[in-house]
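Structure first, commentary second.
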Amino acid sequence: VQGIHGNAPLQPLPTPRDPAVRYADFGGAPIVGLHAHAERMARGPTVTLDAARERVHVADDRGPLAIALGGADVPVWAGHFSPRTHLVTAELIPADPPDAAAPELRNASFVRGRIALVTRGAVPLVHKVMAAQRARALAVVIADDGSCTHAGGFSQFCMPGSSPPDGWAREDSEGPWREVRIPHVLMLKEHAAVLLAA
């Protein structure tokens with residue numbers, strides 16, 4: 001998995017190298033110890049986060065999850081500071097706490113090597129993305145709180161100061177986002193609710 005952040009050169013994104021999940025970019029050790037088996041058994045729907053299509057694709061495109069979503073492709077809105085090109089396929093795992101308001105996720109070992117699903121609210125979005133990145137998630141899907149649905153979809157009315165095709169958080173100061181290296185997107189509340197129930 002590789003990504004481009006703004007006009008910067010290609011940067012490798014963290015990828016699992018083996019079933020024990022080892023990260024070259026972050027240095028982390030493989031999952032070992034008492035909870036290793038349980039951590040590997042954490043399951044969520046397998047999805048592909050695709051920047052070029054601004055979609056999350058459900059792997060089982062004819063299964064009950066795709067039917068509940070109204071199709072296998074779910075529209076998302078990429079953040080302004082998200083890598084510009086990415087294609088990440090992994091399990092989608094809800095963060096704990098769901099709003100990622102704590103500095104560290106309680107289920108960091110479950111999120112590691114997967115795509116974290118966090119909810120909007122409580123803290124700035126950059127804090128949520130950084131919490132997932134510290135947990136060594138491959139990417140972050142932020143479930144909207146309903147603001148975008150009430151606004152009629154992705155627009156400046158659900159994310160002030162931003163409007164597609166520009167990424168959300170366009171008006172944010174670059175400073176807090178400088179350390180972010182993983183893809184992050186916003187998903188409508190109703191789609192995220194279906195994925196959370198899977």
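Going by the structure tokens order, chains are called A, B, ..., each with residues numbered from 1, while ligands are numbered from 1 in the order shown.
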
Skipping near chain neighbours, those fewer than 2 positions away, what residues fall within 7 Å of range 97-99 of chain A using only C-alpha atoms, listed as a VMD selection string?
chain A and resid 94 to 95 101 105 to 106 118 to 122

As a count of residues only, list the residues of range 52-137 of chain A assigned to strand (DSSP E) by DSSP on the backbone atoms of this structure.
23

If you count only C-alpha atoms, which residues fall within 10 Å of Asp166 in chain A, apart from same-chain ones fewer than 6 positions away, as an MDAnalysis selection string?
chainID A and resid 77:80 155

Please produce a file of those selected residues containing C-alpha atoms, as a JSON list (two decimals), in the first residue's frame.
```json
[["chain", "number", "residue", "atom", "x", "y", "z"],
["A", 77, "TRP", "CA", -15.36, 11.58, 1.48],
["A", 78, "ALA", "CA", -11.59, 11.64, 1.91],
["A", 79, "GLY", "CA", -9.93, 14.06, 4.30],
["A", 80, "HIS", "CA", -7.84, 16.88, 2.85],
["A", 155, "SER", "CA", -20.93, 19.17, 1.51]]
```

Find the residues around range 124-139 of chain A up to 8 Å (only C-alpha atoms counted), leave out those fewer than 3 positions away in its own chain, and share them as a PyMOL selection string.
chain A and resi 13-15+26+88+95+99-105+108-109+111-116+118+120-121+176-177+179-184

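Nearest residue to Met187 in chain A among A:Ala90, A:Ala66, A:Ala151, A:Ile142 is A:Ile142, counting only C-alpha atoms.
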